[in-house]
file entry-v1.cif (mmCIF, C-alpha atoms)
data_target
#
loop_
_atom_site.label_atom_id
_atom_site.label_comp_id
_atom_site.auth_asym_id
_atom_site.auth_seq_id
_atom_site.Cartn_x
_atom_site.Cartn_y
_atom_site.Cartn_z
CA MET A 26 54.29 60.91 127.45
CA GLU A 27 53.30 64.59 127.64
CA MET A 28 54.73 66.84 124.90
CA ILE A 29 56.52 69.07 127.41
CA GLU A 30 58.12 66.02 129.03
CA PHE A 31 59.11 64.74 125.59
CA LEU A 32 60.82 68.07 124.85
CA LYS A 33 62.63 67.99 128.18
CA VAL A 34 64.22 64.58 127.55
CA VAL A 35 65.17 65.64 124.00
CA ILE A 36 66.84 68.78 125.38
CA LEU A 37 68.69 66.82 128.06
CA GLY A 38 69.84 64.31 125.43
CA MET A 39 70.96 67.23 123.27
CA PHE A 40 73.09 68.68 126.08
CA GLU A 41 74.57 65.23 126.75
CA GLY A 42 75.44 64.65 123.09
CA LEU A 43 76.84 68.13 122.48
CA THR A 44 78.97 68.26 125.61
CA GLU A 45 80.00 64.67 126.39
CA PHE A 46 83.27 64.83 124.45
CA ALA A 47 83.92 68.56 124.51
CA PRO A 48 86.07 69.64 127.49
CA VAL A 49 83.18 71.43 129.19
CA SER A 50 81.67 68.60 131.30
CA SER A 51 78.53 66.92 130.05
CA THR A 52 77.62 65.79 133.56
CA GLY A 53 77.97 69.34 134.79
CA HIS A 54 75.78 70.69 132.01
CA MET A 55 73.10 68.06 132.54
CA ILE A 56 72.99 68.69 136.29
CA LEU A 57 72.86 72.47 135.79
CA VAL A 58 70.22 72.40 133.07
CA ASP A 59 68.10 69.78 134.79
CA GLU A 60 68.27 71.29 138.25
CA MET A 61 67.62 74.84 137.08
CA TRP A 62 65.06 74.37 134.30
CA LEU A 63 64.01 70.89 133.19
CA ARG A 64 63.43 69.11 136.53
CA THR A 65 63.07 65.61 135.08
CA ASP A 66 62.92 64.32 138.65
CA LEU A 67 59.36 65.67 138.86
CA PHE A 68 58.05 63.16 136.31
CA LEU A 69 60.71 60.43 136.50
CA GLY A 70 61.46 60.45 140.22
CA ASP A 71 64.86 61.16 141.80
CA TYR A 72 66.53 57.78 141.32
CA VAL A 73 65.11 57.15 137.84
CA ALA A 74 66.13 60.67 136.75
CA ASN A 75 69.73 60.01 137.87
CA THR A 76 69.73 56.68 136.02
CA PHE A 77 68.30 58.42 132.95
CA LYS A 78 71.23 60.87 132.93
CA VAL A 79 73.61 57.92 133.00
CA PHE A 80 71.70 55.81 130.47
CA ILE A 81 71.62 58.45 127.73
CA GLN A 82 75.42 58.55 127.83
CA LEU A 83 75.20 55.22 125.99
CA GLY A 84 73.89 57.18 123.00
CA SER A 85 77.07 59.27 123.01
CA ILE A 86 79.16 56.10 123.32
CA LEU A 87 77.44 54.64 120.27
CA ALA A 88 78.32 57.80 118.33
CA VAL A 89 82.02 57.31 119.20
CA ILE A 90 81.86 53.69 118.03
CA VAL A 91 80.33 54.81 114.73
CA ILE A 92 82.93 57.53 114.13
CA PHE A 93 85.91 55.38 115.16
CA ARG A 94 84.49 52.17 113.71
CA ASP A 95 87.59 51.45 111.61
CA ARG A 96 89.85 51.82 114.64
CA PHE A 97 87.65 49.58 116.78
CA ARG A 98 87.37 47.02 113.98
CA GLU A 99 91.16 46.96 113.78
CA LEU A 100 91.47 46.47 117.52
CA LEU A 101 88.82 43.77 117.67
CA LEU A 102 90.23 41.81 114.73
CA SER A 103 93.64 41.67 116.43
CA SER A 104 95.87 44.65 115.99
CA GLN A 105 99.05 42.58 115.63
CA ARG A 106 97.98 41.71 112.07
CA SER A 107 98.40 45.36 111.16
CA GLU A 108 101.96 46.60 111.01
CA ARG A 109 100.96 50.27 111.10
CA ALA A 110 98.69 50.00 114.14
CA ARG A 111 100.53 50.71 117.37
CA LEU A 112 97.59 51.58 119.60
CA LYS A 113 96.74 48.37 121.44
CA TRP A 114 94.12 47.26 123.91
CA SER A 115 96.90 47.28 126.50
CA HIS A 116 97.19 51.07 126.11
CA ILE A 117 93.45 51.50 126.56
CA ILE A 118 93.26 49.19 129.58
CA THR A 119 96.27 50.90 131.16
CA GLY A 120 94.57 54.26 130.70
CA LEU A 121 91.15 53.31 132.04
CA LEU A 122 92.14 51.22 135.09
CA PRO A 123 92.83 54.06 137.60
CA ALA A 124 89.48 55.84 137.11
CA ALA A 125 87.58 52.55 136.78
CA LEU A 126 88.93 51.33 140.12
CA LEU A 127 88.35 54.65 141.90
CA GLY A 128 84.90 55.02 140.36
CA PHE A 129 83.93 51.52 141.49
CA LEU A 130 85.05 52.20 145.06
CA PHE A 131 83.39 55.60 145.41
CA GLU A 132 80.42 55.32 143.03
CA ASP A 133 77.80 55.54 145.79
CA PHE A 134 79.51 58.50 147.47
CA ILE A 135 79.79 60.38 144.16
CA ASP A 136 76.12 59.78 143.30
CA LYS A 137 74.88 60.86 146.72
CA HIS A 138 77.13 63.82 147.53
CA LEU A 139 78.75 65.30 144.41
CA PHE A 140 75.83 65.72 142.01
CA THR A 141 74.97 69.24 143.17
CA LEU A 142 75.13 72.67 141.61
CA GLU A 143 77.86 73.86 143.98
CA THR A 144 80.18 70.91 143.34
CA VAL A 145 79.69 71.24 139.58
CA LEU A 146 80.72 74.91 139.68
CA ILE A 147 83.87 73.97 141.59
CA GLY A 148 84.66 71.28 139.02
CA LEU A 149 84.10 73.67 136.11
CA GLY A 150 86.54 76.19 137.57
CA ALA A 151 89.22 73.69 138.55
CA GLY A 152 89.03 71.96 135.18
CA ALA A 153 89.36 75.28 133.35
CA VAL A 154 92.56 76.12 135.26
CA PHE A 155 94.00 72.70 134.40
CA MET A 156 93.18 73.16 130.70
CA ILE A 157 94.88 76.56 130.59
CA ALA A 158 97.97 75.09 132.24
CA ALA A 159 98.07 72.35 129.59
CA ASP A 160 97.83 74.83 126.72
CA LEU A 161 100.65 76.95 128.15
CA HIS A 162 102.89 73.88 128.30
CA GLN A 163 105.34 73.63 125.40
CA PRO A 164 107.07 70.21 125.02
CA LYS A 165 110.22 69.79 122.96
CA GLU A 166 108.28 67.82 120.35
CA TRP A 167 104.71 66.73 119.76
CA LYS A 168 103.50 63.22 119.04
CA GLU A 169 100.96 63.83 116.29
CA SER A 170 99.29 60.41 116.17
CA VAL A 171 97.55 58.34 118.81
CA ASP A 172 99.57 55.38 117.48
CA GLN A 173 102.67 56.97 119.02
CA ILE A 174 101.34 56.82 122.57
CA SER A 175 103.37 54.89 125.15
CA HIS A 176 102.06 52.87 128.07
CA ARG A 177 103.57 55.40 130.48
CA GLN A 178 101.65 58.19 128.78
CA ALA A 179 98.46 56.12 128.76
CA PHE A 180 98.78 55.43 132.50
CA THR A 181 99.47 59.08 133.33
CA ILE A 182 96.43 60.15 131.31
CA GLY A 183 94.43 57.52 133.18
CA MET A 184 95.56 58.90 136.53
CA PHE A 185 94.44 62.39 135.55
CA GLN A 186 91.16 60.93 134.34
CA CYS A 187 90.36 60.26 138.00
CA LEU A 188 89.81 64.02 138.37
CA SER A 189 86.77 63.69 136.12
CA LEU A 190 84.98 61.65 138.78
CA TRP A 191 84.25 65.05 140.32
CA PRO A 192 81.19 66.28 138.36
CA GLY A 193 81.97 69.38 136.34
CA PHE A 194 85.69 68.67 135.90
CA SER A 195 85.13 66.92 132.55
CA ARG A 196 86.55 63.59 131.44
CA SER A 197 87.74 64.90 128.08
CA GLY A 198 89.06 68.09 129.68
CA ALA A 199 91.13 66.06 132.15
CA THR A 200 92.44 63.48 129.67
CA ILE A 201 93.11 65.78 126.70
CA SER A 202 94.93 68.21 129.01
CA ALA A 203 96.94 65.35 130.50
CA GLY A 204 97.79 64.06 127.02
CA VAL A 205 99.01 67.50 125.95
CA LEU A 206 101.13 67.78 129.11
CA MET A 207 102.62 64.39 128.19
CA GLY A 208 103.60 65.63 124.72
CA LEU A 209 100.70 64.42 122.57
CA SER A 210 99.15 66.78 120.07
CA HIS A 211 95.65 67.98 120.92
CA ARG A 212 94.17 65.75 118.19
CA ALA A 213 96.13 62.66 119.30
CA ALA A 214 95.08 63.26 122.92
CA ALA A 215 91.47 63.72 121.81
CA ASP A 216 91.51 60.49 119.77
CA PHE A 217 92.84 58.51 122.75
CA THR A 218 90.28 60.18 125.03
CA PHE A 219 87.36 59.20 122.80
CA ILE A 220 88.54 55.63 122.21
CA MET A 221 89.28 55.08 125.91
CA ALA A 222 85.89 56.56 126.85
CA VAL A 223 83.96 53.69 125.27
CA PRO A 224 84.87 50.87 127.70
CA ILE A 225 84.97 53.06 130.83
CA MET A 226 81.65 54.77 130.06
CA LEU A 227 80.05 51.44 129.19
CA GLY A 228 81.23 50.03 132.49
CA ALA A 229 80.20 53.05 134.57
CA SER A 230 76.82 53.34 132.87
CA SER A 231 76.09 49.62 133.25
CA LEU A 232 77.09 49.64 136.93
CA SER A 233 74.88 52.64 137.69
CA ILE A 234 71.92 51.14 135.81
CA VAL A 235 72.27 47.81 137.63
CA ASN A 236 72.56 49.53 141.03
CA ASN A 237 69.46 51.62 140.40
CA PHE A 238 67.41 49.06 138.47
CA SER A 239 65.11 48.43 141.42
CA TYR A 240 63.90 52.03 141.11
CA PHE A 241 63.24 51.69 137.38
CA GLN A 242 59.67 51.96 136.10
CA TRP A 243 58.62 50.52 132.75
CA ASN A 244 56.59 53.61 131.92
CA ALA A 245 59.93 55.44 131.76
CA VAL A 246 61.09 53.38 128.74
CA PRO A 247 59.87 55.94 126.14
CA TYR A 248 61.79 58.70 127.94
CA PHE A 249 64.94 56.59 127.98
CA ALA A 250 64.59 55.73 124.27
CA VAL A 251 64.04 59.35 123.19
CA GLY A 252 66.90 60.62 125.37
CA PHE A 253 69.24 57.93 124.01
CA LEU A 254 68.43 58.79 120.39
CA SER A 255 68.79 62.53 121.02
CA ALA A 256 72.20 62.05 122.68
CA PHE A 257 73.38 59.80 119.82
CA LEU A 258 72.44 62.20 117.03
CA PHE A 259 73.84 65.31 118.69
CA ALA A 260 77.02 63.46 119.71
CA LEU A 261 77.63 62.46 116.09
CA LEU A 262 77.55 66.11 115.09
CA SER A 263 79.59 67.44 117.99
CA ILE A 264 82.38 64.84 117.85
CA ARG A 265 83.02 65.35 114.13
CA PHE A 266 83.07 69.12 114.62
CA PHE A 267 85.31 68.94 117.69
CA LEU A 268 87.91 66.69 116.04
CA ARG A 269 88.22 69.14 113.13
CA LEU A 270 88.52 72.05 115.55
CA ILE A 271 90.74 70.94 118.43
CA ASN A 272 94.20 71.26 116.83
CA HIS A 273 93.38 74.80 115.73
CA VAL A 274 91.69 76.36 118.76
CA LYS A 275 93.20 74.10 121.46
CA LEU A 276 91.81 74.24 125.02
CA ILE A 277 91.89 77.82 126.27
CA PRO A 278 88.66 78.90 124.46
CA PHE A 279 86.83 76.06 126.20
CA ALA A 280 88.33 77.13 129.53
CA ILE A 281 87.11 80.68 128.98
CA TYR A 282 83.64 79.32 128.18
CA ARG A 283 83.68 77.43 131.48
CA PHE A 284 84.53 80.57 133.44
CA LEU A 285 81.77 82.50 131.65
CA LEU A 286 79.34 79.68 132.40
CA ILE A 287 80.23 79.86 136.11
CA VAL A 288 79.53 83.61 136.13
CA VAL A 289 76.20 83.20 134.32
CA ILE A 290 75.06 80.36 136.60
CA CYS A 291 76.04 82.25 139.75
CA PHE A 292 74.13 85.30 138.51
CA LEU A 293 71.02 83.34 137.61
CA TYR A 294 70.94 80.88 140.48
CA PHE A 295 72.39 82.74 143.46
#
call {"tool": "encode", "arguments": {"input": "entry-v1.cif", "output": "C-alpha cells"}}
result
Amino acid sequence: MEMIEFLKVVILGMFEGLTEFAPVSSTGHMILVDEMWLRTDLFLGDYVANTFKVFIQLGSILAVIVIFRDRFRELLLSSQRSERARLKWSHIITGLLPAALLGFLFEDFIDKHLFTLETVLIGLGAGAVFMIAADLHQPKEWKESVDQISHRQAFTIGMFQCLSLWPGFSRSGATISAGVLMGLSHRAAADFTFIMAVPIMLGASSLSIVNNFSYFQWNAVPYFAVGFLSAFLFALLSIRFFLRLINHVKLIPFAIYRFLLIVVICFLYF
C-alpha cells in the first residue's frame, strides 16, 4: 500500500464517518470528494472502489451499535421485559421495509445511473428544501422520546426514507425531517433514524458486497480495513456531537451548508 493511497482511504473513511449520520449525505460527500480529488478507482478499480464506499459504511454502523448499545441490548433481550421500553422491533421493521424493498428492486439501477456528480447536486438541493420545510413546521405538541413513536409515524418515516435512495438526498436528512413533520422532537427523530439505520445499512451493504464480490481483489483488503477503521472512529465522534447539537440548532443550518456546498462544487467543477 503506497502512503498516498493509504491517506486517500483514511480521508474517504473520515468523510464517511463524519457525514453518515449528519443530514448532509455521506454518499454525496464520498462521491464528490472521490470523483474530484481522491480517485480511488485508479488504484482499486471501478467496481472495487464502489464496493469500498459501501463497505466502509459498516464502520459507521458499528459506531451506532456502540453508542446505542444499551438500547440494542434491551431490544435483543426482549423488550417486553422492560415496562419503560416502548420502542419495539416492530417499529423498526415498519420503518425500514419501504426503503429496503425499493432499494432491493432498484439497487442495480441506482449503482449504475445515480452515482454521479450531477445527481448528487440535485439530491443535496432537494434534501435541503425538505429539511427547511420540516423546521418551519410547528406541530401542536412534540413527542420528546423515541419511546413515544407510533407504528404510523414509523411507517411514514420509512416512506420518506425512500427519498434517500437518491444519492445526495441523505438518509438522516429524509428521516429526521419526516419525524419532525410527524411531531417528533429533533432528538427523538434522530434517535429513531440512527437505530433504524443499523439493519437497513447492514442489509444494503451486505447485498452490494455480495453482488460485487466477483470484482473483489484480495490485495484490496488493507484498503478496506483502514477505511473501515477510519469511518468507525470518526463516526463515534460525529454521532455523539450531533446528538448533543440537534435539538438546539435543528435542521436549517445543515440545509444552508448543503446549498453552500452546491455553490462551491459548481464553482470548482463546472
call {"tool": "closest_residue", "arguments": {"input": "entry-v1.cif", "among": "A:Ser230, A:Ser263, A:Asn244, A:Thr65", "to": "A:Glu45", "atoms": "all atoms listed in the file"}}
result
A:Ser263
call {"tool": "resolve_selection", "arguments": {"input": "entry-v1.cif", "expression": "the PyMOL selection byres ((chain A and resi 68) around 12)", "output": "VMD selection string"}}
result
chain A and resid 26 to 27 29 to 31 33 to 34 63 to 67 69 to 74 77 242 244 to 245 248
call {"tool": "closest_residue", "arguments": {"input": "entry-v1.cif", "among": "A:Ser233, A:Gln178, A:Ser51, A:Asn272", "to": "A:Glu132", "atoms": "all atoms listed in the file"}}
result
A:Ser233
call {"tool": "resolve_selection", "arguments": {"input": "entry-v1.cif", "expression": "the PyMOL selection byres ((chain A and resi 79) around 9)", "output": "VMD selection string"}}
result
chain A and resid 52 74 to 78 80 to 83 229 to 231 233 to 234
call {"tool": "resolve_selection", "arguments": {"input": "entry-v1.cif", "expression": "the PyMOL selection byres ((chain A and resi 173) around 12)", "output": "number ranges by chain"}}
result
A: 109-113, 116, 167-172, 174-179, 204, 207-210, 213-214, 216-217
call {"tool": "residues_near_point", "arguments": {"input": "entry-v1.cif", "point": "(75.8, 80.4, 135.9)", "cutoff": "12 Å", "atoms": "only C-alpha atoms", "output": "PyMOL selection string"}}
result
chain A and resi 53-54+57-58+61+142-143+145-147+149-150+282-295
call {"tool": "atom_distance", "arguments": {"input": "entry-v1.cif", "atom1": "atom CA of A:Leu126", "atom2": "atom CA of A:Leu100"}}
result
23.3 Å
call {"tool": "closest_residue", "arguments": {"input": "entry-v1.cif", "among": "A:Ala159, A:Val235, A:Leu188, A:Met226", "to": "A:Ala203", "atoms": "all atoms listed in the file"}}
result
A:Ala159
call {"tool": "atom_distance", "arguments": {"input": "entry-v1.cif", "atom1": "atom CA of A:Arg265", "atom2": "atom CA of A:Thr44"}}
result
12.5 Å
call {"tool": "residues_around", "arguments": {"input": "entry-v1.cif", "residues": "A:Leu190", "least_positions_apart": "6", "cutoff": "9 Å", "atoms": "only C-alpha atoms", "output": "list in words"}}
result
Ala124, Leu127, Gly128, Glu132, Ile135 and Arg196 of chain A
call {"tool": "closest_residue", "arguments": {"input": "entry-v1.cif", "among": "A:Ile281, A:Ile92, A:Leu268, A:Ile56", "to": "A:Ile201", "atoms": "all atoms listed in the file"}}
result
A:Leu268
